[in-house]
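Comments concern the structure below.
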Amino acid sequence: MADLAAVVGIGQTKYQTKRKDVSIAGLVREAAFNALTDAGLTWDDIDAVVVGKAPDMFEGGIMPELYLTDALGCNGKPMLRVHTAGSVGGSTAIVAASYVQSGMFKRVLTVTYEKQSESNAMWALSNAQPFSPHLNAGAGGFFAPIIREYMRRTNAPYDVGIKVATKDRLHGARNPLAHLQLPNITLKEVEDSPMLWEPLRFLESCPSSDGACALVISNEELAAQSPKKPAWIRGAAMRSEPTMYAGREQVNPQAGIDCAKDVYKQAGITDPRKDLDCAEIYVPFSWYEPMWLENLGFADVGQGWKLTMEGATSLDEKGDIPWNCSGGVLSSNPIGASGMIRFAEAARQVRGDAGDHQVDGAKLAMGHAYGGGAQFFAMWVVGSEKA
Amino acid sequence: MRDIAIVSFVQSDCVRDAGAQNEVELIMPVLRKALDAAGIQSAQDVDFTCSGSCDYLQGAAFAFVSGVDPLGAVPPIKESHVEMDAAWALYEAVLKITMGQAESALVYGFGKSSPGELPIVLSQQLDPYYMAPLWLDSISTAALQARTMLDNGDITEKDMAEVVARSRKNAKSNPHAQLKGDVSVDELLAEPTYLSPLRKHDCCPVSDGACAMVVATVEKAKEWGKPYAVLKGIDHRIESHNFGARDLTQSPSTQAAAKSAGVANGPVEVAEIYAPFSHQEIILKRALGLGDDTVVNPSGGVLAGNLMMASGLSRIGEVAMRIIRGDIKRGIAHATSGHALQQNLVAVLEEA
């Protein structure tokens, strides 16, 4: 049986297009320092560091954790580097939690980041490969056909994505850390924005952000001494499947379904829409909200878009299951950190520490991340109580 | 941590250039053999899978994604990946097993270094603002380290040649080795320097290949009815990236990891050390506290063939297989990452 573990410190940077004032080391140190401050700790209180980020080729440094060890106070300590594609922020938090849940460590620091202004994700994702077909369209080009298939199957109205894009930006306007600050955004403005990858418009896509997110995770004994309320890790799960295989269900991937079932079972959740108070779900392109509503069991297959259109996922419309109260990936996307931000924002909610985007009385929240060709999944459920 | 049973280990031949074989084709044969040796069908039959690789070797973002293709498609698996040597993938598996979330795990590492110029590629491991733009390659930093040791009188060039001669000799019994044979210290010293003070033979070769390992709880291994070696301890530490601030002649991170992993808790019959350069074996042997009664790198070590991203796990596998075959009762393994031994992992293995 795994030991109990809790998030006792959360640190984020402000997300923005360019953080010219800091190096990569400065960026991660800022998030890490904020997490330590939040936990009332210093570097010496940390037993190990776990770093995650999206592909090394984005910023162009190999295994940058080797360079970041000084900035993260890790010299003389164990350092691990996780890389699981876009899900990496979530996976990294889960691996860091396992340091504590195994009983092998008492308190660890985990940090994820991306400095997209020193990188070119579109290029890094589009270079030709010797052994596979050339995909010269970045992530949006990969996911657009899958979204079109979702629309075909469900007969969802054309403006579901527009609604999600608007809703998440209104959420983001409540979160001072969010990259995009669009408090006056309208449905029409989203609809009028240029079409990038049919049916995804410019404003239905995530921004490119600089930013880092850090967590301090500790065991039960040390969590009890923490100055602020701990967020208890009630379940954590990962699942992977190959990008392509005969008969692969790409709209509603089996790995996502299995991963959700696993994490719900650990957390004692039978009806996620009812049992959870809110969720931070990885939605980099608008239509992934209705698709993940179905994949994660918040709605029956084919019905996800109705929850979105009814306002069930909106904080402003007082929906029963708000999704991405922080503004989500659509408001801030430092790729390697985006998954951990979901996990961190879920923890902020159950700590009652989410500021203007707090869901009143949130006790149980979910963090979710996905990556690759919607094939890698990482999820956790955090609660205000131990069980 | 709890005791972990290493049930099977398989490594491919180290070859200078695997030609048209892609990473999946390098992984599949070792995976098949490792699974067969454990008596299981596929990755779907273990509770956790973790791999180690480096996108830069393949020259593509998300290159590691194809690394899940050899695992079989359905059902989806509990899987993770480290952008590190697969020895650290094993470490992640140890965490998962110790916390009770898995009873068995598949760990593998792979690297096809031949398409690029590996030492130059690895120059991009350095500080991206101050060091990487200088294109200081991994041989140059090792040469600085060797020069410091020679100038200090810590070692002689003859000591370095002796490490190489022993590696080549030991590798004769290793069917996977790339460089092997009988060569005298005098012959080696007669060779010209390559990047002073290093001669070409002081540097590990560039190799393509993969390795895979199946581990489990001791209870599970017994249930499978397979012989196994026991992983008693494993730890890893990192040092400052600023090698101007480090004493390059010492390896305090190895020393600390060795202490924590319990190297000194019993006799060390065999040590497999990941020393990509001859002088580093001497640093590491000292940091690990090994005496002359320990046989170092009976496989020839990585001077006989270096599978980037797999060599660390291979060191552990080499020791495990010697224990499983009944050749030895206790041994240790070491893995390294980064320039001039910046990060080090130590594992202690014993008979069941």
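FYI, nothing fancy with the structure tokens labels: chains A, B, ... in order, residues from 1 per chain, ligands from 1 as they appear.
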
Using 12 Å as the limit and counting only C-alpha atoms, can you tabulate each residue of range 165-244 of chain A that touches range 86-103 of chain B, with its shortest atom-to-atom distance in Å and the two atoms involved, as JSON lines?
{"residue": "A:Gly235", "atom": "CA", "partner": "B:Gln101", "partner_atom": "CA", "distance": 11.1}
{"residue": "A:Ala236", "atom": "CA", "partner": "B:Gln101", "partner_atom": "CA", "distance": 10.1}
{"residue": "A:Ala237", "atom": "CA", "partner": "B:Gln101", "partner_atom": "CA", "distance": 9.8}
{"residue": "A:Met238", "atom": "CA", "partner": "B:Gln101", "partner_atom": "CA", "distance": 11.4}

DSSP on the backbone: which residues in range 7-121 of chain B end up as helix (DSSP H, G or I)? Give the answer as a PDB file with N, CA and C atoms, in the first residue's frame.
ATOM      1  N   GLU B  23      14.890   2.639 -34.583  1.00  0.00           N
ATOM      2  CA  GLU B  23      14.915   2.380 -33.142  1.00  0.00           C
ATOM      3  C   GLU B  23      14.005   1.215 -32.770  1.00  0.00           C
ATOM      4  N   VAL B  24      12.827   1.173 -33.390  1.00  0.00           N
ATOM      5  CA  VAL B  24      11.880   0.089 -33.079  1.00  0.00           C
ATOM      6  C   VAL B  24      12.513  -1.263 -33.403  1.00  0.00           C
ATOM      7  N   GLU B  25      13.226  -1.298 -34.531  1.00  0.00           N
ATOM      8  CA  GLU B  25      13.864  -2.557 -34.929  1.00  0.00           C
ATOM      9  C   GLU B  25      15.046  -2.912 -34.029  1.00  0.00           C
ATOM     10  N   LEU B  26      15.644  -1.913 -33.399  1.00  0.00           N
ATOM     11  CA  LEU B  26      16.711  -2.194 -32.435  1.00  0.00           C
ATOM     12  C   LEU B  26      16.114  -2.728 -31.135  1.00  0.00           C
ATOM     13  N   ILE B  27      14.947  -2.178 -30.762  1.00  0.00           N
ATOM     14  CA  ILE B  27      14.335  -2.544 -29.477  1.00  0.00           C
ATOM     15  C   ILE B  27      13.696  -3.931 -29.535  1.00  0.00           C
ATOM     16  N   MET B  28      12.987  -4.208 -30.623  1.00  0.00           N
ATOM     17  CA  MET B  28      12.136  -5.414 -30.644  1.00  0.00           C
ATOM     18  C   MET B  28      12.857  -6.725 -30.320  1.00  0.00           C
ATOM     19  N   PRO B  29      14.034  -6.978 -30.901  1.00  0.00           N
ATOM     20  CA  PRO B  29      14.674  -8.264 -30.589  1.00  0.00           C
ATOM     21  C   PRO B  29      15.037  -8.423 -29.105  1.00  0.00           C
ATOM     22  N   VAL B  30      15.560  -7.350 -28.483  1.00  0.00           N
ATOM     23  CA  VAL B  30      15.957  -7.481 -27.069  1.00  0.00           C
ATOM     24  C   VAL B  30      14.724  -7.591 -26.172  1.00  0.00           C
ATOM     25  N   LEU B  31      13.660  -6.881 -26.563  1.00  0.00           N
ATOM     26  CA  LEU B  31      12.420  -6.934 -25.791  1.00  0.00           C
ATOM     27  C   LEU B  31      11.864  -8.356 -25.806  1.00  0.00           C
ATOM     28  N   ARG B  32      11.836  -8.924 -27.011  1.00  0.00           N
ATOM     29  CA  ARG B  32      11.289 -10.289 -27.170  1.00  0.00           C
ATOM     30  C   ARG B  32      12.061 -11.277 -26.299  1.00  0.00           C
ATOM     31  N   LYS B  33      13.385 -11.176 -26.385  1.00  0.00           N
ATOM     32  CA  LYS B  33      14.216 -12.126 -25.635  1.00  0.00           C
ATOM     33  C   LYS B  33      14.074 -11.928 -24.126  1.00  0.00           C
ATOM     34  N   ALA B  34      13.982 -10.665 -23.691  1.00  0.00           N
ATOM     35  CA  ALA B  34      13.861 -10.399 -22.252  1.00  0.00           C
ATOM     36  C   ALA B  34      12.516 -10.901 -21.729  1.00  0.00           C
ATOM     37  N   LEU B  35      11.470 -10.706 -22.509  1.00  0.00           N
ATOM     38  CA  LEU B  35      10.143 -11.183 -22.102  1.00  0.00           C
ATOM     39  C   LEU B  35      10.122 -12.711 -22.090  1.00  0.00           C
ATOM     40  N   ASP B  36      10.683 -13.331 -23.130  1.00  0.00           N
ATOM     41  CA  ASP B  36      10.727 -14.799 -23.195  1.00  0.00           C
ATOM     42  C   ASP B  36      11.469 -15.373 -21.988  1.00  0.00           C
ATOM     43  N   ALA B  37      12.588 -14.741 -21.648  1.00  0.00           N
ATOM     44  CA  ALA B  37      13.386 -15.251 -20.535  1.00  0.00           C
ATOM     45  C   ALA B  37      12.616 -15.166 -19.216  1.00  0.00           C
ATOM     46  N   ALA B  38      11.705 -14.187 -19.131  1.00  0.00           N
ATOM     47  CA  ALA B  38      10.885 -14.059 -17.918  1.00  0.00           C
ATOM     48  C   ALA B  38       9.618 -14.910 -18.027  1.00  0.00           C
ATOM     49  N   ALA B  43       4.374  -6.634 -23.095  1.00  0.00           N
ATOM     50  CA  ALA B  43       4.391  -5.555 -22.107  1.00  0.00           C
ATOM     51  C   ALA B  43       3.060  -5.465 -21.374  1.00  0.00           C
ATOM     52  N   GLN B  44       2.009  -5.998 -21.979  1.00  0.00           N
ATOM     53  CA  GLN B  44       0.697  -5.976 -21.322  1.00  0.00           C
ATOM     54  C   GLN B  44       0.665  -6.910 -20.112  1.00  0.00           C
ATOM     55  N   ASP B  45       1.673  -7.805 -19.999  1.00  0.00           N
ATOM     56  CA  ASP B  45       1.705  -8.756 -18.882  1.00  0.00           C
ATOM     57  C   ASP B  45       2.489  -8.250 -17.677  1.00  0.00           C
ATOM     58  N   ASP B  55      16.009  12.164 -27.505  1.00  0.00           N
ATOM     59  CA  ASP B  55      15.490  12.634 -28.797  1.00  0.00           C
ATOM     60  C   ASP B  55      16.587  13.112 -29.742  1.00  0.00           C
ATOM     61  N   TYR B  56      17.630  13.726 -29.152  1.00  0.00           N
ATOM     62  CA  TYR B  56      18.670  14.329 -29.982  1.00  0.00           C
ATOM     63  C   TYR B  56      19.467  13.319 -30.791  1.00  0.00           C
ATOM     64  N   LEU B  57      19.533  12.056 -30.320  1.00  0.00           N
ATOM     65  CA  LEU B  57      20.279  11.056 -31.086  1.00  0.00           C
ATOM     66  C   LEU B  57      19.581  10.816 -32.413  1.00  0.00           C
ATOM     67  N   GLN B  58      18.248  10.843 -32.368  1.00  0.00           N
ATOM     68  CA  GLN B  58      17.458  10.615 -33.569  1.00  0.00           C
ATOM     69  C   GLN B  58      17.262  11.926 -34.334  1.00  0.00           C
ATOM     70  N   ALA B  63      11.019  11.857 -30.567  1.00  0.00           N
ATOM     71  CA  ALA B  63      11.540  10.625 -31.168  1.00  0.00           C
ATOM     72  C   ALA B  63      11.193   9.425 -30.290  1.00  0.00           C
ATOM     73  N   PHE B  64      11.145   9.656 -28.973  1.00  0.00           N
ATOM     74  CA  PHE B  64      10.898   8.541 -28.047  1.00  0.00           C
ATOM     75  C   PHE B  64       9.507   7.940 -28.238  1.00  0.00           C
ATOM     76  N   VAL B  65       8.597   8.692 -28.857  1.00  0.00           N
ATOM     77  CA  VAL B  65       7.217   8.209 -29.005  1.00  0.00           C
ATOM     78  C   VAL B  65       7.183   6.886 -29.774  1.00  0.00           C
ATOM     79  N   SER B  66       8.070   6.758 -30.782  1.00  0.00           N
ATOM     80  CA  SER B  66       8.085   5.502 -31.544  1.00  0.00           C
ATOM     81  C   SER B  66       8.570   4.353 -30.670  1.00  0.00           C
ATOM     82  N   GLY B  67       9.221   4.697 -29.552  1.00  0.00           N
ATOM     83  CA  GLY B  67       9.708   3.661 -28.644  1.00  0.00           C
ATOM     84  C   GLY B  67       8.606   2.845 -27.994  1.00  0.00           C
ATOM     85  N   VAL B  68       7.354   3.312 -28.035  1.00  0.00           N
ATOM     86  CA  VAL B  68       6.258   2.495 -27.493  1.00  0.00           C
ATOM     87  C   VAL B  68       5.689   1.556 -28.567  1.00  0.00           C
ATOM     88  N   ASP B  69       6.060   1.769 -29.819  1.00  0.00           N
ATOM     89  CA  ASP B  69       5.541   0.897 -30.879  1.00  0.00           C
ATOM     90  C   ASP B  69       5.898  -0.586 -30.693  1.00  0.00           C
ATOM     91  N   PRO B  70       7.092  -0.894 -30.153  1.00  0.00           N
ATOM     92  CA  PRO B  70       7.408  -2.329 -30.002  1.00  0.00           C
ATOM     93  C   PRO B  70       6.614  -3.013 -28.887  1.00  0.00           C
ATOM     94  N   LEU B  71       5.839  -2.256 -28.124  1.00  0.00           N
ATOM     95  CA  LEU B  71       5.241  -2.821 -26.917  1.00  0.00           C
ATOM     96  C   LEU B  71       3.912  -3.515 -27.175  1.00  0.00           C
ATOM     97  N   ALA B  86      18.648   4.487 -19.334  1.00  0.00           N
ATOM     98  CA  ALA B  86      17.592   3.604 -18.835  1.00  0.00           C
ATOM     99  C   ALA B  86      17.848   3.108 -17.408  1.00  0.00           C
ATOM    100  N   ALA B  87      19.054   3.305 -16.875  1.00  0.00           N
ATOM    101  CA  ALA B  87      19.285   2.968 -15.461  1.00  0.00           C
ATOM    102  C   ALA B  87      18.345   3.791 -14.591  1.00  0.00           C
ATOM    103  N   TRP B  88      18.043   5.019 -15.032  1.00  0.00           N
ATOM    104  CA  TRP B  88      17.117   5.874 -14.283  1.00  0.00           C
ATOM    105  C   TRP B  88      15.670   5.467 -14.547  1.00  0.00           C
ATOM    106  N   ALA B  89      15.427   4.837 -15.682  1.00  0.00           N
ATOM    107  CA  ALA B  89      14.099   4.262 -15.928  1.00  0.00           C
ATOM    108  C   ALA B  89      13.867   3.123 -14.933  1.00  0.00           C
ATOM    109  N   LEU B  90      14.931   2.340 -14.682  1.00  0.00           N
ATOM    110  CA  LEU B  90      14.833   1.290 -13.662  1.00  0.00           C
ATOM    111  C   LEU B  90      14.524   1.913 -12.303  1.00  0.00           C
ATOM    112  N   TYR B  91      15.159   3.051 -12.027  1.00  0.00           N
ATOM    113  CA  TYR B  91      14.912   3.731 -10.748  1.00  0.00           C
ATOM    114  C   TYR B  91      13.435   4.093 -10.602  1.00  0.00           C
ATOM    115  N   GLU B  92      12.845   4.596 -11.681  1.00  0.00           N
ATOM    116  CA  GLU B  92      11.417   4.931 -11.635  1.00  0.00           C
ATOM    117  C   GLU B  92      10.579   3.671 -11.394  1.00  0.00           C
ATOM    118  N   ALA B  93      10.994   2.558 -12.003  1.00  0.00           N
ATOM    119  CA  ALA B  93      10.280   1.294 -11.792  1.00  0.00           C
ATOM    120  C   ALA B  93      10.405   0.841 -10.331  1.00  0.00           C
ATOM    121  N   VAL B  94      11.583   1.070  -9.741  1.00  0.00           N
ATOM    122  CA  VAL B  94      11.787   0.711  -8.329  1.00  0.00           C
ATOM    123  C   VAL B  94      10.820   1.499  -7.434  1.00  0.00           C
ATOM    124  N   LEU B  95      10.636   2.790  -7.754  1.00  0.00           N
ATOM    125  CA  LEU B  95       9.685   3.612  -6.990  1.00  0.00           C
ATOM    126  C   LEU B  95       8.270   3.027  -7.093  1.00  0.00           C
ATOM    127  N   LYS B  96       7.878   2.698  -8.315  1.00  0.00           N
ATOM    128  CA  LYS B  96       6.511   2.187  -8.552  1.00  0.00           C
ATOM    129  C   LYS B  96       6.283   0.859  -7.831  1.00  0.00           C
ATOM    130  N   ILE B  97       7.295  -0.011  -7.860  1.00  0.00           N
ATOM    131  CA  ILE B  97       7.149  -1.317  -7.207  1.00  0.00           C
ATOM    132  C   ILE B  97       7.160  -1.138  -5.688  1.00  0.00           C
ATOM    133  N   THR B  98       8.058  -0.286  -5.197  1.00  0.00           N
ATOM    134  CA  THR B  98       8.151  -0.082  -3.748  1.00  0.00           C
ATOM    135  C   THR B  98       6.863   0.525  -3.192  1.00  0.00           C
ATOM    136  N   LEU B 118      28.319  12.070 -32.355  1.00  0.00           N
ATOM    137  CA  LEU B 118      27.909  12.029 -30.954  1.00  0.00           C
ATOM    138  C   LEU B 118      28.622  13.042 -30.041  1.00  0.00           C
ATOM    139  N   PRO B 119      29.956  13.138 -30.076  1.00  0.00           N
ATOM    140  CA  PRO B 119      30.604  14.093 -29.148  1.00  0.00           C
ATOM    141  C   PRO B 119      30.119  15.528 -29.367  1.00  0.00           C
ATOM    142  N   ILE B 120      29.902  15.903 -30.628  1.00  0.00           N
ATOM    143  CA  ILE B 120      29.426  17.250 -30.950  1.00  0.00           C
ATOM    144  C   ILE B 120      27.968  17.412 -30.518  1.00  0.00           C
ATOM    145  N   VAL B 121      27.174  16.376 -30.766  1.00  0.00           N
ATOM    146  CA  VAL B 121      25.771  16.415 -30.327  1.00  0.00           C
ATOM    147  C   VAL B 121      25.725  16.666 -28.818  1.00  0.00           C
TER     148      VAL B 121
END

Quick one: of B:Met84, B:Ala132, B:Ala258, B:Leu144, who's nearest to Gln280 in chain B, counting only C-alpha atoms?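 Looking at the shortest contact to Gln280 in chain B, the residue is B:Leu144.
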
Within 8 Å of chain B, which residues belong to chain A? Use only C-alpha atoms and report them as a ChimeraX atom specification. /A:1-3,55-58,60-64,66-70,74-85,91,95,98-99,101-104,124-125,127,129,131,237-243,245,254-255,258,372

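Distance-wise, CA of His368 in chain A and CA of Ile341 in chain A end up 9.5 Å apart.
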
If we count only C-alpha atoms and set the cut-off at 8 Å, which residues sit around Val359 in chain A, ignoring sequence neighbours fewer than 5 positions away in its own chain? Please answer as a PyMOL selection string. chain A and resi 277-278+315+322+325+349+354

Store the residues picked out above in a file with N, CA and C atoms, as an mmCIF file, in the first residue's frame.
data_model
loop_
_atom_site.group_PDB
_atom_site.id
_atom_site.type_symbol
_atom_site.label_atom_id
_atom_site.label_comp_id
_atom_site.auth_asym_id
_atom_site.auth_seq_id
_atom_site.Cartn_x
_atom_site.Cartn_y
_atom_site.Cartn_z
ATOM 1 N N ASP A 277 -15.686 18.402 -7.697
ATOM 2 C CA ASP A 277 -16.192 19.778 -7.619
ATOM 3 C C ASP A 277 -15.752 20.614 -8.815
ATOM 4 N N CYS A 278 -14.608 20.248 -9.397
ATOM 5 C CA CYS A 278 -14.122 20.960 -10.572
ATOM 6 C C CYS A 278 -12.993 20.144 -11.183
ATOM 7 N N LEU A 315 -17.651 28.686 -15.029
ATOM 8 C CA LEU A 315 -17.717 29.306 -13.704
ATOM 9 C C LEU A 315 -18.681 30.496 -13.747
ATOM 10 N N PRO A 322 -17.383 23.010 -13.150
ATOM 11 C CA PRO A 322 -16.507 23.941 -13.876
ATOM 12 C C PRO A 322 -15.201 23.270 -14.319
ATOM 13 N N CYS A 325 -10.984 26.451 -14.548
ATOM 14 C CA CYS A 325 -11.269 27.744 -13.909
ATOM 15 C C CYS A 325 -10.084 28.697 -14.002
ATOM 16 N N GLN A 349 -7.448 24.552 -5.883
ATOM 17 C CA GLN A 349 -8.895 24.559 -5.628
ATOM 18 C C GLN A 349 -9.232 23.872 -4.302
ATOM 19 N N ALA A 354 -7.476 29.483 -4.640
ATOM 20 C CA ALA A 354 -7.455 29.767 -6.078
ATOM 21 C C ALA A 354 -7.921 31.184 -6.413
#

Could you give me, as a PyMOL selection string, each residue of range 62-250 of chain A that DSSP assigns to strand (DSSP E or B) when run on this structure's backbone? chain A and resi 79-82+84+86+107-115+129+132+195-197+200-201+205+210-219+231-240

Written file, previous selection with N, CA and C atoms, as a tab-separated table (two decimals), in the first residue's frame:
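See selection27.tsv below for the written result:
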chain	number	residue	atom	x	y	z
A	79	MET	N	18.47	13.73	-8.92
A	79	MET	CA	17.75	14.51	-9.95
A	79	MET	C	17.22	13.53	-11.00
A	80	LEU	N	15.95	13.64	-11.32
A	80	LEU	CA	15.38	12.78	-12.36
A	80	LEU	C	14.69	13.66	-13.39
A	81	ARG	N	14.74	13.23	-14.64
A	81	ARG	CA	14.13	14.00	-15.73
A	81	ARG	C	13.11	13.14	-16.47
A	82	VAL	N	11.86	13.58	-16.41
A	82	VAL	CA	10.77	12.86	-17.06
A	82	VAL	C	10.48	13.50	-18.41
A	84	THR	N	7.43	12.70	-21.27
A	84	THR	CA	6.36	11.86	-21.83
A	84	THR	C	5.49	12.68	-22.78
A	86	GLY	N	3.36	15.83	-24.37
A	86	GLY	CA	2.56	16.91	-23.78
A	86	GLY	C	2.02	16.58	-22.41
A	107	ARG	N	10.27	14.48	1.27
A	107	ARG	CA	9.78	15.74	0.69
A	107	ARG	C	10.56	16.03	-0.60
A	108	VAL	N	9.87	16.20	-1.68
A	108	VAL	CA	10.55	16.42	-2.96
A	108	VAL	C	10.01	17.68	-3.64
A	109	LEU	N	10.85	18.21	-4.51
A	109	LEU	CA	10.49	19.37	-5.33
A	109	LEU	C	10.36	18.89	-6.76
A	110	THR	N	9.31	19.30	-7.44
A	110	THR	CA	9.20	18.96	-8.85
A	110	THR	C	8.89	20.22	-9.65
A	111	VAL	N	9.56	20.34	-10.79
A	111	VAL	CA	9.48	21.57	-11.58
A	111	VAL	C	9.35	21.21	-13.06
A	112	THR	N	8.46	21.90	-13.74
A	112	THR	CA	8.33	21.74	-15.19
A	112	THR	C	8.32	23.12	-15.83
A	113	TYR	N	8.71	23.18	-17.09
A	113	TYR	CA	8.78	24.50	-17.73
A	113	TYR	C	8.79	24.39	-19.23
A	114	GLU	N	8.59	25.51	-19.88
A	114	GLU	CA	8.90	25.69	-21.29
A	114	GLU	C	9.19	27.16	-21.48
A	115	LYS	N	10.20	27.45	-22.28
A	115	LYS	CA	10.45	28.85	-22.62
A	115	LYS	C	10.30	28.96	-24.12
A	129	GLN	N	11.29	13.11	-40.79
A	129	GLN	CA	11.83	11.94	-40.12
A	129	GLN	C	12.22	10.90	-41.15
A	132	SER	N	9.35	7.87	-41.00
A	132	SER	CA	7.90	8.02	-40.88
A	132	SER	C	7.41	9.15	-41.77
A	195	MET	N	-9.19	31.31	-39.59
A	195	MET	CA	-9.19	29.86	-39.55
A	195	MET	C	-7.76	29.37	-39.74
A	196	LEU	N	-7.29	28.53	-38.81
A	196	LEU	CA	-5.93	27.99	-38.93
A	196	LEU	C	-5.93	26.59	-39.50
A	197	TRP	N	-6.60	25.70	-38.79
A	197	TRP	CA	-6.71	24.31	-39.24
A	197	TRP	C	-8.20	23.97	-39.11
A	200	LEU	N	-10.45	24.65	-36.56
A	200	LEU	CA	-9.86	25.42	-35.46
A	200	LEU	C	-9.44	26.82	-35.92
A	201	ARG	N	-10.02	27.81	-35.26
A	201	ARG	CA	-9.65	29.20	-35.54
A	201	ARG	C	-8.49	29.62	-34.64
A	205	SER	N	-7.19	28.17	-30.41
A	205	SER	CA	-5.92	27.48	-30.18
A	205	SER	C	-5.21	28.09	-28.98
A	210	ASP	N	5.92	31.42	-22.21
A	210	ASP	CA	7.05	31.14	-21.33
A	210	ASP	C	6.48	30.92	-19.95
A	211	GLY	N	6.99	29.95	-19.24
A	211	GLY	CA	6.53	29.79	-17.86
A	211	GLY	C	6.99	28.51	-17.23
A	212	ALA	N	6.88	28.46	-15.91
A	212	ALA	CA	7.27	27.28	-15.15
A	212	ALA	C	6.31	27.08	-13.99
A	213	CYS	N	6.18	25.84	-13.59
A	213	CYS	CA	5.30	25.49	-12.49
A	213	CYS	C	6.04	24.51	-11.58
A	214	ALA	N	5.88	24.67	-10.29
A	214	ALA	CA	6.60	23.80	-9.34
A	214	ALA	C	5.68	23.36	-8.21
A	215	LEU	N	5.94	22.17	-7.71
A	215	LEU	CA	5.19	21.65	-6.56
A	215	LEU	C	6.17	21.12	-5.53
A	216	VAL	N	5.82	21.28	-4.26
A	216	VAL	CA	6.51	20.55	-3.20
A	216	VAL	C	5.54	19.49	-2.70
A	217	ILE	N	6.00	18.24	-2.73
A	217	ILE	CA	5.16	17.12	-2.30
A	217	ILE	C	5.81	16.48	-1.08
A	218	SER	N	5.03	16.28	-0.03
A	218	SER	CA	5.62	15.72	1.18
A	218	SER	C	4.80	14.57	1.73
A	219	ASN	N	5.38	13.84	2.66
A	219	ASN	CA	4.68	12.72	3.27
A	219	ASN	C	3.69	13.23	4.32
A	231	ALA	N	-2.95	19.60	-0.08
A	231	ALA	CA	-3.87	18.96	-1.03
A	231	ALA	C	-3.46	17.50	-1.11
A	232	TRP	N	-4.31	16.62	-0.61
A	232	TRP	CA	-3.94	15.19	-0.52
A	232	TRP	C	-4.12	14.52	-1.88
A	233	ILE	N	-3.12	13.74	-2.25
A	233	ILE	CA	-3.18	13.02	-3.53
A	233	ILE	C	-4.01	11.76	-3.31
A	234	ARG	N	-5.20	11.76	-3.90
A	234	ARG	CA	-6.14	10.66	-3.65
A	234	ARG	C	-6.08	9.58	-4.74
A	235	GLY	N	-5.45	9.91	-5.82
A	235	GLY	CA	-5.28	8.92	-6.89
A	235	GLY	C	-4.41	9.49	-7.98
A	236	ALA	N	-3.64	8.64	-8.65
A	236	ALA	CA	-2.79	9.09	-9.75
A	236	ALA	C	-2.62	7.94	-10.73
A	237	ALA	N	-2.72	8.24	-12.01
A	237	ALA	CA	-2.63	7.16	-13.00
A	237	ALA	C	-2.05	7.66	-14.32
A	238	MET	N	-1.39	6.77	-15.03
A	238	MET	CA	-0.86	7.05	-16.36
A	238	MET	C	-1.22	5.90	-17.30
A	239	ARG	N	-1.46	6.24	-18.56
A	239	ARG	CA	-1.67	5.21	-19.58
A	239	ARG	C	-1.09	5.67	-20.90
A	240	SER	N	-0.59	4.71	-21.68
A	240	SER	CA	-0.02	5.01	-23.00
A	240	SER	C	-0.50	3.99	-24.01

Counting only C-alpha atoms, which of B:Asp247, B:Glu281, B:Glu157, B:Glu117 gets nearest to Glu191 in chain B?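 Under the stated criterion, the closest residue is B:Glu157.
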
Applying 7 Å and only C-alpha atoms, which residues near range 201-211 of chain B remain after dropping the ones on its own chain fewer than 4 positions away? List them as a PyMOL selection string. chain B and resi 10-18+26-27+30+108-114+164+276-278+302-307+310+314
